[in-house]
>>> print(open('coords-v4.csv').read())   # CSV, N, CA and C atoms and all ligand atoms
chain,number,residue,atom,x,y,z
A,1,MET,N,19.7,11.7,3.1
A,1,MET,CA,21.0,11.8,3.8
A,1,MET,C,21.6,10.4,3.9
A,2,THR,N,22.9,10.2,3.5
A,2,THR,CA,23.4,8.9,3.3
A,2,THR,C,23.7,8.1,4.6
A,3,ASP,N,24.0,8.9,5.6
A,3,ASP,CA,24.4,8.2,6.9
A,3,ASP,C,23.3,8.2,7.9
A,4,CYS,N,22.1,8.1,7.4
A,4,CYS,CA,20.9,8.2,8.4
A,4,CYS,C,20.2,6.9,8.3
A,5,LEU,N,20.0,6.3,9.5
A,5,LEU,CA,19.3,5.0,9.5
A,5,LEU,C,17.9,5.0,8.9
A,6,PHE,N,17.1,6.1,9.2
A,6,PHE,CA,15.7,6.1,8.7
A,6,PHE,C,15.7,6.5,7.2
A,7,CYS,N,16.7,7.2,6.7
A,7,CYS,CA,16.8,7.5,5.3
A,7,CYS,C,17.1,6.1,4.6
A,8,LYS,N,17.9,5.3,5.2
A,8,LYS,CA,18.1,4.0,4.6
A,8,LYS,C,16.9,3.1,4.6
A,9,ILE,N,16.0,3.2,5.7
A,9,ILE,CA,14.8,2.5,5.7
A,9,ILE,C,13.9,3.0,4.6
A,10,ILE,N,13.8,4.4,4.4
A,10,ILE,CA,13.0,5.0,3.3
A,10,ILE,C,13.5,4.4,2.0
A,11,ASN,N,14.8,4.3,1.8
A,11,ASN,CA,15.4,3.9,0.5
A,11,ASN,C,15.4,2.4,0.4
A,12,LYS,N,14.8,1.7,1.4
A,12,LYS,CA,14.7,0.2,1.4
A,12,LYS,C,16.1,-0.5,1.4
A,13,GLU,N,17.1,0.3,1.9
A,13,GLU,CA,18.4,-0.3,2.0
A,13,GLU,C,18.5,-1.1,3.3
A,14,ILE,N,17.6,-0.8,4.2
A,14,ILE,CA,17.4,-1.6,5.5
A,14,ILE,C,15.9,-2.0,5.5
A,15,PRO,N,15.6,-3.3,5.8
A,15,PRO,CA,14.3,-3.7,5.7
A,15,PRO,C,13.5,-3.2,6.9
A,16,SER,N,12.2,-3.0,6.7
A,16,SER,CA,11.3,-2.7,7.8
A,16,SER,C,9.9,-3.2,7.5
A,17,GLU,N,9.1,-3.3,8.5
A,17,GLU,CA,7.7,-3.7,8.3
A,17,GLU,C,6.8,-2.4,8.1
A,18,ILE,N,6.6,-2.2,6.8
A,18,ILE,CA,6.0,-0.9,6.4
A,18,ILE,C,4.5,-1.1,6.5
A,19,ILE,N,3.8,-0.1,7.1
A,19,ILE,CA,2.4,-0.1,7.3
A,19,ILE,C,1.7,0.8,6.3
A,20,TYR,N,2.4,1.9,6.0
A,20,TYR,CA,1.8,2.9,5.1
A,20,TYR,C,3.0,3.7,4.4
A,21,GLU,N,2.7,4.0,3.2
A,21,GLU,CA,3.7,4.8,2.4
A,21,GLU,C,3.1,5.6,1.4
A,22,ASP,N,3.5,6.9,1.3
A,22,ASP,CA,3.1,7.7,0.2
A,22,ASP,C,4.3,8.5,-0.3
A,23,GLN,N,4.1,9.5,-1.1
A,23,GLN,CA,5.3,10.1,-1.7
A,23,GLN,C,6.1,10.9,-0.7
A,24,ALA,N,5.5,11.3,0.4
A,24,ALA,CA,6.1,12.2,1.4
A,24,ALA,C,6.3,11.6,2.8
A,25,VAL,N,5.6,10.5,3.1
A,25,VAL,CA,5.6,9.9,4.4
A,25,VAL,C,5.7,8.4,4.4
A,26,LEU,N,6.4,7.9,5.5
A,26,LEU,CA,6.5,6.5,5.6
A,26,LEU,C,6.1,6.1,7.1
A,27,CYS,N,5.4,5.0,7.2
A,27,CYS,CA,5.1,4.5,8.5
A,27,CYS,C,5.5,3.0,8.6
A,28,PHE,N,6.3,2.7,9.6
A,28,PHE,CA,6.7,1.3,9.8
A,28,PHE,C,6.7,0.9,11.3
A,29,LYS,N,6.8,-0.4,11.6
A,29,LYS,CA,6.7,-0.8,12.9
A,29,LYS,C,8.1,-0.6,13.6
A,30,ASP,N,8.0,-0.1,14.9
A,30,ASP,CA,9.2,0.1,15.7
A,30,ASP,C,9.8,-1.3,15.9
A,31,ILE,N,11.1,-1.4,15.8
A,31,ILE,CA,11.8,-2.7,15.9
A,31,ILE,C,11.8,-3.2,17.4
A,32,ASN,N,11.6,-2.3,18.3
A,32,ASN,CA,11.6,-2.6,19.7
A,32,ASN,C,10.4,-2.0,20.4
A,33,PRO,N,9.2,-2.6,20.1
A,33,PRO,CA,8.0,-2.0,20.6
A,33,PRO,C,7.8,-1.9,22.1
A,34,VAL,N,7.3,-0.8,22.6
A,34,VAL,CA,7.1,-0.6,24.0
A,34,VAL,C,5.6,-0.9,24.4
A,35,ALA,N,4.8,-1.2,23.4
A,35,ALA,CA,3.4,-1.5,23.6
A,35,ALA,C,2.9,-2.4,22.4
A,36,PRO,N,1.7,-3.0,22.5
A,36,PRO,CA,1.3,-3.9,21.5
A,36,PRO,C,1.3,-3.2,20.1
A,37,VAL,N,1.0,-1.9,20.0
A,37,VAL,CA,1.1,-1.2,18.8
A,37,VAL,C,2.1,-0.1,19.0
A,38,HIS,N,3.2,-0.1,18.2
A,38,HIS,CA,4.2,0.9,18.2
A,38,HIS,C,4.7,1.1,16.8
A,39,LEU,N,4.2,2.2,16.2
A,39,LEU,CA,4.6,2.6,14.9
A,39,LEU,C,5.4,3.8,14.9
A,40,LEU,N,6.3,4.0,13.9
A,40,LEU,CA,7.0,5.2,13.7
A,40,LEU,C,6.5,5.8,12.3
A,41,ILE,N,6.3,7.1,12.4
A,41,ILE,CA,5.8,7.8,11.2
A,41,ILE,C,6.9,8.9,10.9
A,42,ILE,N,7.4,8.9,9.7
A,42,ILE,CA,8.5,9.8,9.4
A,42,ILE,C,8.2,10.5,8.1
A,43,PRO,N,8.7,11.8,8.0
A,43,PRO,CA,8.8,12.4,6.7
A,43,PRO,C,9.9,11.8,5.8
A,44,LYS,N,9.7,11.6,4.5
A,44,LYS,CA,10.7,11.1,3.7
A,44,LYS,C,11.8,12.2,3.6
A,45,LYS,N,11.5,13.4,3.7
A,45,LYS,CA,12.5,14.5,3.7
A,45,LYS,C,13.3,14.4,5.0
A,46,HIS,N,14.6,14.4,4.9
A,46,HIS,CA,15.4,14.3,6.1
A,46,HIS,C,15.4,15.6,6.9
A,47,LEU,N,14.7,15.5,8.1
A,47,LEU,CA,14.7,16.6,9.1
A,47,LEU,C,15.3,16.0,10.3
A,48,ARG,N,16.2,16.7,11.0
A,48,ARG,CA,16.8,16.1,12.2
A,48,ARG,C,15.8,16.0,13.3
A,49,ASP,N,15.0,17.0,13.5
A,49,ASP,CA,14.0,17.0,14.6
A,49,ASP,C,13.1,18.1,14.3
A,50,LEU,N,12.2,18.4,15.3
A,50,LEU,CA,11.2,19.5,15.0
A,50,LEU,C,11.9,20.9,15.0
A,51,ASN,N,13.1,21.0,15.6
A,51,ASN,CA,13.8,22.2,15.6
A,51,ASN,C,14.3,22.6,14.1
A,52,SER,N,14.4,21.5,13.3
A,52,SER,CA,14.9,21.7,12.0
A,52,SER,C,13.8,22.1,11.0
A,53,ALA,N,12.6,21.9,11.5
A,53,ALA,CA,11.4,22.2,10.6
A,53,ALA,C,11.3,23.7,10.3
A,54,GLU,N,10.9,24.0,9.1
A,54,GLU,CA,10.7,25.4,8.7
A,54,GLU,C,9.3,25.6,8.2
A,55,GLN,N,9.0,26.9,7.9
A,55,GLN,CA,7.7,27.2,7.4
A,55,GLN,C,7.3,26.4,6.2
A,56,ALA,N,8.3,26.1,5.3
A,56,ALA,CA,8.1,25.3,4.1
A,56,ALA,C,7.6,23.9,4.4
A,57,ASP,N,7.8,23.5,5.7
A,57,ASP,CA,7.5,22.1,6.1
A,57,ASP,C,6.1,22.0,6.7
A,58,GLN,N,5.4,23.1,6.7
A,58,GLN,CA,4.0,23.2,7.3
A,58,GLN,C,3.1,22.1,6.8
A,59,SER,N,3.0,22.0,5.5
A,59,SER,CA,2.0,21.0,4.9
A,59,SER,C,2.5,19.6,5.2
A,60,LEU,N,3.8,19.4,5.1
A,60,LEU,CA,4.3,18.0,5.4
A,60,LEU,C,4.0,17.6,6.8
A,61,LEU,N,4.2,18.5,7.8
A,61,LEU,CA,3.9,18.2,9.2
A,61,LEU,C,2.4,18.0,9.5
A,62,GLY,N,1.7,18.9,8.8
A,62,GLY,CA,0.2,18.7,8.9
A,62,GLY,C,-0.3,17.4,8.4
A,63,ARG,N,0.3,17.0,7.2
A,63,ARG,CA,0.0,15.8,6.6
A,63,ARG,C,0.2,14.6,7.5
A,64,ILE,N,1.4,14.6,8.2
A,64,ILE,CA,1.7,13.5,9.2
A,64,ILE,C,0.7,13.5,10.3
A,65,LEU,N,0.4,14.6,10.9
A,65,LEU,CA,-0.6,14.7,12.0
A,65,LEU,C,-1.9,14.1,11.6
A,66,LEU,N,-2.3,14.3,10.3
A,66,LEU,CA,-3.6,13.9,9.9
A,66,LEU,C,-3.6,12.4,9.4
A,67,ILE,N,-2.4,11.9,9.1
A,67,ILE,CA,-2.3,10.5,8.7
A,67,ILE,C,-2.4,9.6,10.0
A,68,MET,N,-1.8,10.1,11.1
A,68,MET,CA,-1.7,9.3,12.3
A,68,MET,C,-3.1,8.8,12.8
A,69,PRO,N,-4.1,9.6,12.9
A,69,PRO,CA,-5.4,9.0,13.3
A,69,PRO,C,-6.0,8.0,12.3
A,70,LYS,N,-5.7,8.2,11.0
A,70,LYS,CA,-6.1,7.2,10.1
A,70,LYS,C,-5.4,5.8,10.3
A,71,LEU,N,-4.1,5.9,10.6
A,71,LEU,CA,-3.3,4.7,10.9
A,71,LEU,C,-3.9,4.1,12.2
A,72,ALA,N,-4.3,4.9,13.1
A,72,ALA,CA,-4.8,4.4,14.4
A,72,ALA,C,-6.1,3.6,14.1
A,73,VAL,N,-6.9,4.1,13.2
A,73,VAL,CA,-8.1,3.3,12.8
A,73,VAL,C,-7.7,2.0,12.2
A,74,GLU,N,-6.7,2.1,11.3
A,74,GLU,CA,-6.3,0.9,10.5
A,74,GLU,C,-5.8,-0.2,11.5
A,75,VAL,N,-5.1,0.2,12.5
A,75,VAL,CA,-4.5,-0.9,13.4
A,75,VAL,C,-5.4,-1.1,14.7
A,76,GLY,N,-6.6,-0.4,14.7
A,76,GLY,CA,-7.6,-0.8,15.7
A,76,GLY,C,-7.4,-0.2,17.0
A,77,ILE,N,-6.8,1.0,17.1
A,77,ILE,CA,-6.6,1.6,18.4
A,77,ILE,C,-7.2,3.1,18.5
A,78,ALA,N,-7.9,3.4,17.5
A,78,ALA,CA,-8.5,4.8,17.5
A,78,ALA,C,-9.4,5.0,18.6
A,79,GLN,N,-10.2,4.0,19.0
A,79,GLN,CA,-11.2,4.2,20.1
A,79,GLN,C,-10.5,4.0,21.4
A,80,SER,N,-9.7,3.0,21.5
A,80,SER,CA,-9.0,2.7,22.8
A,80,SER,C,-8.0,3.7,23.2
A,81,GLY,N,-7.5,4.4,22.3
A,81,GLY,CA,-6.6,5.5,22.6
A,81,GLY,C,-5.1,5.2,22.2
A,82,TYR,N,-4.4,6.3,22.1
A,82,TYR,CA,-2.9,6.1,21.7
A,82,TYR,C,-2.2,7.4,22.0
A,83,ARG,N,-0.9,7.2,22.1
A,83,ARG,CA,0.0,8.4,22.3
A,83,ARG,C,0.8,8.7,21.1
A,84,VAL,N,1.1,10.0,20.9
A,84,VAL,CA,1.9,10.4,19.8
A,84,VAL,C,3.1,11.1,20.5
A,85,VAL,N,4.3,10.7,20.2
A,85,VAL,CA,5.5,11.2,20.9
A,85,VAL,C,6.6,11.5,19.8
A,86,ALA,N,7.2,12.7,19.9
A,86,ALA,CA,8.3,13.0,19.1
A,86,ALA,C,9.4,13.5,20.1
A,87,ASN,N,10.5,12.7,20.2
A,87,ASN,CA,11.6,13.0,21.0
A,87,ASN,C,12.5,14.0,20.2
A,88,ASN,N,12.9,15.0,20.9
A,88,ASN,CA,13.8,16.0,20.2
A,88,ASN,C,15.0,16.3,21.1
A,89,GLY,N,16.1,15.8,20.6
A,89,GLY,CA,17.4,16.1,21.3
A,89,GLY,C,17.7,15.2,22.4
A,90,PRO,N,18.9,15.4,23.0
A,90,PRO,CA,19.4,14.5,24.0
A,90,PRO,C,18.6,14.3,25.3
A,91,ASP,N,18.1,15.4,25.8
A,91,ASP,CA,17.3,15.3,27.1
A,91,ASP,C,16.0,14.5,26.9
A,92,ALA,N,15.5,14.5,25.6
A,92,ALA,CA,14.3,13.7,25.3
A,92,ALA,C,14.6,12.3,25.0
A,93,GLY,N,15.9,12.0,24.9
A,93,GLY,CA,16.3,10.6,24.6
A,93,GLY,C,16.2,10.3,23.1
A,94,GLN,N,16.3,11.3,22.2
A,94,GLN,CA,16.2,11.0,20.8
A,94,GLN,C,17.5,10.2,20.4
A,95,ILE,N,17.3,9.1,19.8
A,95,ILE,CA,18.4,8.3,19.4
A,95,ILE,C,18.7,8.4,17.9
A,96,VAL,N,17.6,8.3,17.1
A,96,VAL,CA,17.7,8.4,15.7
A,96,VAL,C,17.4,9.8,15.2
A,97,GLU,N,18.4,10.4,14.6
A,97,GLU,CA,18.3,11.9,14.3
A,97,GLU,C,17.7,12.1,12.9
A,98,HIS,N,16.5,11.5,12.8
A,98,HIS,CA,15.6,11.8,11.6
A,98,HIS,C,14.3,11.9,12.3
A,99,LEU,N,13.7,13.1,12.1
A,99,LEU,CA,12.4,13.4,12.8
A,99,LEU,C,11.4,12.2,12.7
A,100,HIS,N,10.9,11.8,13.8
A,100,HIS,CA,9.9,10.7,13.8
A,100,HIS,C,8.9,10.8,14.9
A,101,PHE,N,7.7,10.4,14.6
A,101,PHE,CA,6.6,10.4,15.6
A,101,PHE,C,6.3,9.0,16.0
A,102,HIS,N,6.4,8.7,17.3
A,102,HIS,CA,6.0,7.4,17.8
A,102,HIS,C,4.4,7.4,17.9
A,103,LEU,N,3.8,6.3,17.4
A,103,LEU,CA,2.4,6.1,17.6
A,103,LEU,C,2.2,4.9,18.4
A,104,ILE,N,1.8,5.0,19.7
A,104,ILE,CA,1.9,4.0,20.7
A,104,ILE,C,0.5,3.7,21.3
A,105,GLY,N,0.1,2.4,21.3
A,105,GLY,CA,-1.2,2.1,21.8
A,105,GLY,C,-1.4,0.6,22.0
A,106,GLY,N,-2.6,0.2,22.3
A,106,GLY,CA,-3.0,-1.2,22.5
A,106,GLY,C,-2.9,-1.6,23.9
A,107,GLN,N,-2.5,-0.7,24.8
A,107,GLN,CA,-2.6,-1.0,26.3
A,107,GLN,C,-2.6,0.3,27.0
A,108,MET,N,-3.0,0.3,28.3
A,108,MET,CA,-3.0,1.5,29.1
A,108,MET,C,-1.6,2.0,29.3
A,109,SER,N,-1.3,3.3,29.0
A,109,SER,CA,0.0,3.8,29.2
A,109,SER,C,0.4,3.8,30.7
A,110,ALA,N,1.7,3.5,30.9
A,110,ALA,CA,2.2,3.5,32.3
A,110,ALA,C,2.3,4.9,32.9
A,111,ASP,N,2.6,5.9,32.1
A,111,ASP,CA,2.6,7.2,32.6
A,111,ASP,C,2.1,8.2,31.5
A,112,PHE,N,1.8,9.4,32.0
A,112,PHE,CA,1.2,10.3,31.1
A,112,PHE,C,2.0,11.6,31.0
A,113,ALA,N,3.3,11.5,31.0
A,113,ALA,CA,4.1,12.6,31.0
A,113,ALA,C,4.0,13.4,29.7
B,201,LIG,P1,14.0,7.8,19.6
B,201,LIG,O1,14.5,7.5,20.9
B,201,LIG,O2,15.0,8.3,18.6
B,201,LIG,O3,12.8,8.7,19.6
B,201,LIG,O4,13.4,6.4,19.0
B,201,LIG,C1,14.0,5.7,17.9
B,201,LIG,C2,13.2,4.5,17.8
B,201,LIG,O5,13.6,3.8,16.6
B,201,LIG,C3,13.3,3.5,18.9
B,201,LIG,O6,12.0,3.3,19.4
B,201,LIG,C4,13.9,2.3,18.2
B,201,LIG,O7,13.3,1.0,18.8
B,201,LIG,C5,13.5,2.5,16.8
B,201,LIG,N1,14.5,1.8,15.9
B,201,LIG,C6,15.9,2.0,16.0
B,201,LIG,N2,16.5,1.3,15.0
B,201,LIG,C7,15.5,0.8,14.2
B,201,LIG,C8,15.5,0.0,13.0
B,201,LIG,O8,16.5,-0.4,12.4
B,201,LIG,N3,14.2,-0.4,12.6
B,201,LIG,C9,13.1,0.0,13.2
B,201,LIG,N4,11.9,-0.5,12.6
B,201,LIG,N5,13.0,0.7,14.3
B,201,LIG,C10,14.2,1.1,14.8
B,202,ZN,ZN,17.3,10.7,7.5
>>> encode(input="coords-v4.csv", output="structure tokens")
Amino acid sequence: MTDCLFCKIINKEIPSEIIYEDQAVLCFKDINPVAPVHLLIIPKKHLRDLNSAEQADQSLLGRILLIMPKLAVEVGIAQSGYRVVANNGPDAGQIVEHLHFHLIGGQMSADFA
């Protein structure tokens, strides 16, 4: 999608600190981290949010869920613990309308909502 920030990051039109990339998934550092480790994991396919996901996206979403614990090992927070957050829509505070999963760790979470 041409007018999407994260699609531009995928296409390297906007720079980012990439941690992991394969043909379907990209992981990069959040530009405004809320914890010592704050990564964003996104499908390269433009999906607005989880509401936009369809049955055909099952393996893509499963792939992302299975990549996240591996990334947690890589960045050293698998044992200390981490949060996975996907904000969907205005009430959740979603700002970037390209489905993304926040992987947050490296310190005790302030809340457990
Ligand atoms: P949301 O509120 O949509 O779930 O979160 C969007 C996230 O994207 C925020 O945590 C924000 O800091 C991050 N973000 C926004 N613009 C950029 C950018 O240009 N580069 C990177 N790496 N992260 C961004
Ligand atoms: Zn996009």
>>> residues_around(input="coords-v4.csv", residues="segment 56-64 of chain A", least_positions_apart="6", cutoff="8 Å", atoms="all atoms listed in the file", output="list in words")
Ala24, Val25, Ile41, Ile42 and Pro43 of chain A
>>> closest_residue(input="coords-v4.csv", among="A:Gln107, A:Met1, A:Leu65, A:Leu26", to="Leu40 of chain A", atoms="all atoms listed in the file")
A:Leu26
>>> residues_near_ligand(input="coords-v4.csv", ligand="ligand ZN 202 (chain B)", cutoff="8 Å", atoms="all atoms listed in the file", output="VMD selection string")
chain A and resid 1 to 10 43 to 48 96 to 99
>>> closest_residue(input="coords-v4.csv", among="A:Pro69, A:Lys29, A:Gln23, A:Gly76", to="ligand LIG 201 (chain B)", atoms="only N, CA and C atoms and all ligand atoms")
A:Lys29
>>> residues_near_ligand(input="coords-v4.csv", ligand="ligand LIG 201 (chain B)", cutoff="6.5 Å", atoms="only N, CA and C atoms and all ligand atoms", output="ChimeraX atom specification")
/A:15-17,28-33,86-88,92-97,100
>>> residues_around(input="coords-v4.csv", residues="Gly81 of chain A", least_positions_apart="5", cutoff="6.5 Å", atoms="all atoms listed in the file", output="PyMOL selection string")
chain A and resi 104-106
>>> write_last_selection(input="coords-v4.csv", atoms="N, CA and C atoms", output="PDB file, keeping the file's coordinate frame")
ATOM      1  N   ILE A 104       1.800   5.000  19.700  1.00  0.00           N
ATOM      2  CA  ILE A 104       1.900   4.000  20.700  1.00  0.00           C
ATOM      3  C   ILE A 104       0.500   3.700  21.300  1.00  0.00           C
ATOM      4  N   GLY A 105       0.100   2.400  21.300  1.00  0.00           N
ATOM      5  CA  GLY A 105      -1.200   2.100  21.800  1.00  0.00           C
ATOM      6  C   GLY A 105      -1.400   0.600  22.000  1.00  0.00           C
ATOM      7  N   GLY A 106      -2.600   0.200  22.300  1.00  0.00           N
ATOM      8  CA  GLY A 106      -3.000  -1.200  22.500  1.00  0.00           C
ATOM      9  C   GLY A 106      -2.900  -1.600  23.900  1.00  0.00           C
TER      10      GLY A 106
END
>>> select_by_dssp(input="coords-v4.csv", residues="segment 6-96 of chain A", states="alpha helix (DSSP H)", output="list in words")
Phe6, Cys7, Lys8, Ile9, Ile10, Gln58, Ser59, Leu60, Leu61, Gly62, Arg63, Ile64, Leu65, Leu66, Ile67, Met68, Pro69, Lys70, Leu71, Ala72, Val73 and Glu74 of chain A
>>> write_last_selection(input="coords-v4.csv", atoms="N, CA and C atoms", output="short mmCIF file (atom, residue, chain, number, x, y, z; two decimals), in the coordinates of the input")
data_model
loop_
_atom_site.label_atom_id
_atom_site.label_comp_id
_atom_site.auth_asym_id
_atom_site.auth_seq_id
_atom_site.Cartn_x
_atom_site.Cartn_y
_atom_site.Cartn_z
N PHE A 6 17.10 6.10 9.20
CA PHE A 6 15.70 6.10 8.70
C PHE A 6 15.70 6.50 7.20
N CYS A 7 16.70 7.20 6.70
CA CYS A 7 16.80 7.50 5.30
C CYS A 7 17.10 6.10 4.60
N LYS A 8 17.90 5.30 5.20
CA LYS A 8 18.10 4.00 4.60
C LYS A 8 16.90 3.10 4.60
N ILE A 9 16.00 3.20 5.70
CA ILE A 9 14.80 2.50 5.70
C ILE A 9 13.90 3.00 4.60
N ILE A 10 13.80 4.40 4.40
CA ILE A 10 13.00 5.00 3.30
C ILE A 10 13.50 4.40 2.00
N GLN A 58 5.40 23.10 6.70
CA GLN A 58 4.00 23.20 7.30
C GLN A 58 3.10 22.10 6.80
N SER A 59 3.00 22.00 5.50
CA SER A 59 2.00 21.00 4.90
C SER A 59 2.50 19.60 5.20
N LEU A 60 3.80 19.40 5.10
CA LEU A 60 4.30 18.00 5.40
C LEU A 60 4.00 17.60 6.80
N LEU A 61 4.20 18.50 7.80
CA LEU A 61 3.90 18.20 9.20
C LEU A 61 2.40 18.00 9.50
N GLY A 62 1.70 18.90 8.80
CA GLY A 62 0.20 18.70 8.90
C GLY A 62 -0.30 17.40 8.40
N ARG A 63 0.30 17.00 7.20
CA ARG A 63 0.00 15.80 6.60
C ARG A 63 0.20 14.60 7.50
N ILE A 64 1.40 14.60 8.20
CA ILE A 64 1.70 13.50 9.20
C ILE A 64 0.70 13.50 10.30
N LEU A 65 0.40 14.60 10.90
CA LEU A 65 -0.60 14.70 12.00
C LEU A 65 -1.90 14.10 11.60
N LEU A 66 -2.30 14.30 10.30
CA LEU A 66 -3.60 13.90 9.90
C LEU A 66 -3.60 12.40 9.40
N ILE A 67 -2.40 11.90 9.10
CA ILE A 67 -2.30 10.50 8.70
C ILE A 67 -2.40 9.60 10.00
N MET A 68 -1.80 10.10 11.10
CA MET A 68 -1.70 9.30 12.30
C MET A 68 -3.10 8.80 12.80
N PRO A 69 -4.10 9.60 12.90
CA PRO A 69 -5.40 9.00 13.30
C PRO A 69 -6.00 8.00 12.30
N LYS A 70 -5.70 8.20 11.00
CA LYS A 70 -6.10 7.20 10.10
C LYS A 70 -5.40 5.80 10.30
N LEU A 71 -4.10 5.90 10.60
CA LEU A 71 -3.30 4.70 10.90
C LEU A 71 -3.90 4.10 12.20
N ALA A 72 -4.30 4.90 13.10
CA ALA A 72 -4.80 4.40 14.40
C ALA A 72 -6.10 3.60 14.10
N VAL A 73 -6.90 4.10 13.20
CA VAL A 73 -8.10 3.30 12.80
C VAL A 73 -7.70 2.00 12.20
N GLU A 74 -6.70 2.10 11.30
CA GLU A 74 -6.30 0.90 10.50
C GLU A 74 -5.80 -0.20 11.50
#
>>> atom_distance(input="coords-v4.csv", atom1="atom CA of Ile18 of chain A", atom2="atom CA of Val75 of chain A")
12.6 Å
>>> atom_distance(input="coords-v4.csv", atom1="atom CA of Asp22 of chain A", atom2="atom C of Leu66 of chain A")
12.3 Å
>>> select_by_dssp(input="coords-v4.csv", residues="chain A", states="strand (DSSP E)", output="ChimeraX atom specification")
/A:18-21,25-29,37-43,82-85,101-105
>>> write_last_selection(input="coords-v4.csv", atoms="N, CA and C atoms", output="mmCIF file, keeping the file's coordinate frame")
data_model
loop_
_atom_site.group_PDB
_atom_site.id
_atom_site.type_symbol
_atom_site.label_atom_id
_atom_site.label_comp_id
_atom_site.auth_asym_id
_atom_site.auth_seq_id
_atom_site.Cartn_x
_atom_site.Cartn_y
_atom_site.Cartn_z
ATOM 1 N N ILE A 18 6.600 -2.200 6.800
ATOM 2 C CA ILE A 18 6.000 -0.900 6.400
ATOM 3 C C ILE A 18 4.500 -1.100 6.500
ATOM 4 N N ILE A 19 3.800 -0.100 7.100
ATOM 5 C CA ILE A 19 2.400 -0.100 7.300
ATOM 6 C C ILE A 19 1.700 0.800 6.300
ATOM 7 N N TYR A 20 2.400 1.900 6.000
ATOM 8 C CA TYR A 20 1.800 2.900 5.100
ATOM 9 C C TYR A 20 3.000 3.700 4.400
ATOM 10 N N GLU A 21 2.700 4.000 3.200
ATOM 11 C CA GLU A 21 3.700 4.800 2.400
ATOM 12 C C GLU A 21 3.100 5.600 1.400
ATOM 13 N N VAL A 25 5.600 10.500 3.100
ATOM 14 C CA VAL A 25 5.600 9.900 4.400
ATOM 15 C C VAL A 25 5.700 8.400 4.400
ATOM 16 N N LEU A 26 6.400 7.900 5.500
ATOM 17 C CA LEU A 26 6.500 6.500 5.600
ATOM 18 C C LEU A 26 6.100 6.100 7.100
ATOM 19 N N CYS A 27 5.400 5.000 7.200
ATOM 20 C CA CYS A 27 5.100 4.500 8.500
ATOM 21 C C CYS A 27 5.500 3.000 8.600
ATOM 22 N N PHE A 28 6.300 2.700 9.600
ATOM 23 C CA PHE A 28 6.700 1.300 9.800
ATOM 24 C C PHE A 28 6.700 0.900 11.300
ATOM 25 N N LYS A 29 6.800 -0.400 11.600
ATOM 26 C CA LYS A 29 6.700 -0.800 12.900
ATOM 27 C C LYS A 29 8.100 -0.600 13.600
ATOM 28 N N VAL A 37 1.000 -1.900 20.000
ATOM 29 C CA VAL A 37 1.100 -1.200 18.800
ATOM 30 C C VAL A 37 2.100 -0.100 19.000
ATOM 31 N N HIS A 38 3.200 -0.100 18.200
ATOM 32 C CA HIS A 38 4.200 0.900 18.200
ATOM 33 C C HIS A 38 4.700 1.100 16.800
ATOM 34 N N LEU A 39 4.200 2.200 16.200
ATOM 35 C CA LEU A 39 4.600 2.600 14.900
ATOM 36 C C LEU A 39 5.400 3.800 14.900
ATOM 37 N N LEU A 40 6.300 4.000 13.900
ATOM 38 C CA LEU A 40 7.000 5.200 13.700
ATOM 39 C C LEU A 40 6.500 5.800 12.300
ATOM 40 N N ILE A 41 6.300 7.100 12.400
ATOM 41 C CA ILE A 41 5.800 7.800 11.200
ATOM 42 C C ILE A 41 6.900 8.900 10.900
ATOM 43 N N ILE A 42 7.400 8.900 9.700
ATOM 44 C CA ILE A 42 8.500 9.800 9.400
ATOM 45 C C ILE A 42 8.200 10.500 8.100
ATOM 46 N N PRO A 43 8.700 11.800 8.000
ATOM 47 C CA PRO A 43 8.800 12.400 6.700
ATOM 48 C C PRO A 43 9.900 11.800 5.800
ATOM 49 N N TYR A 82 -4.400 6.300 22.100
ATOM 50 C CA TYR A 82 -2.900 6.100 21.700
ATOM 51 C C TYR A 82 -2.200 7.400 22.000
ATOM 52 N N ARG A 83 -0.900 7.200 22.100
ATOM 53 C CA ARG A 83 0.000 8.400 22.300
ATOM 54 C C ARG A 83 0.800 8.700 21.100
ATOM 55 N N VAL A 84 1.100 10.000 20.900
ATOM 56 C CA VAL A 84 1.900 10.400 19.800
ATOM 57 C C VAL A 84 3.100 11.100 20.500
ATOM 58 N N VAL A 85 4.300 10.700 20.200
ATOM 59 C CA VAL A 85 5.500 11.200 20.900
ATOM 60 C C VAL A 85 6.600 11.500 19.800
ATOM 61 N N PHE A 101 7.700 10.400 14.600
ATOM 62 C CA PHE A 101 6.600 10.400 15.600
ATOM 63 C C PHE A 101 6.300 9.000 16.000
ATOM 64 N N HIS A 102 6.400 8.700 17.300
ATOM 65 C CA HIS A 102 6.000 7.400 17.800
ATOM 66 C C HIS A 102 4.400 7.400 17.900
ATOM 67 N N LEU A 103 3.800 6.300 17.400
ATOM 68 C CA LEU A 103 2.400 6.100 17.600
ATOM 69 C C LEU A 103 2.200 4.900 18.400
ATOM 70 N N ILE A 104 1.800 5.000 19.700
ATOM 71 C CA ILE A 104 1.900 4.000 20.700
ATOM 72 C C ILE A 104 0.500 3.700 21.300
ATOM 73 N N GLY A 105 0.100 2.400 21.300
ATOM 74 C CA GLY A 105 -1.200 2.100 21.800
ATOM 75 C C GLY A 105 -1.400 0.600 22.000
#
>>> atom_distance(input="coords-v4.csv", atom1="atom CA of Ile67 of chain A", atom2="atom CA of Leu103 of chain A")
11.0 Å
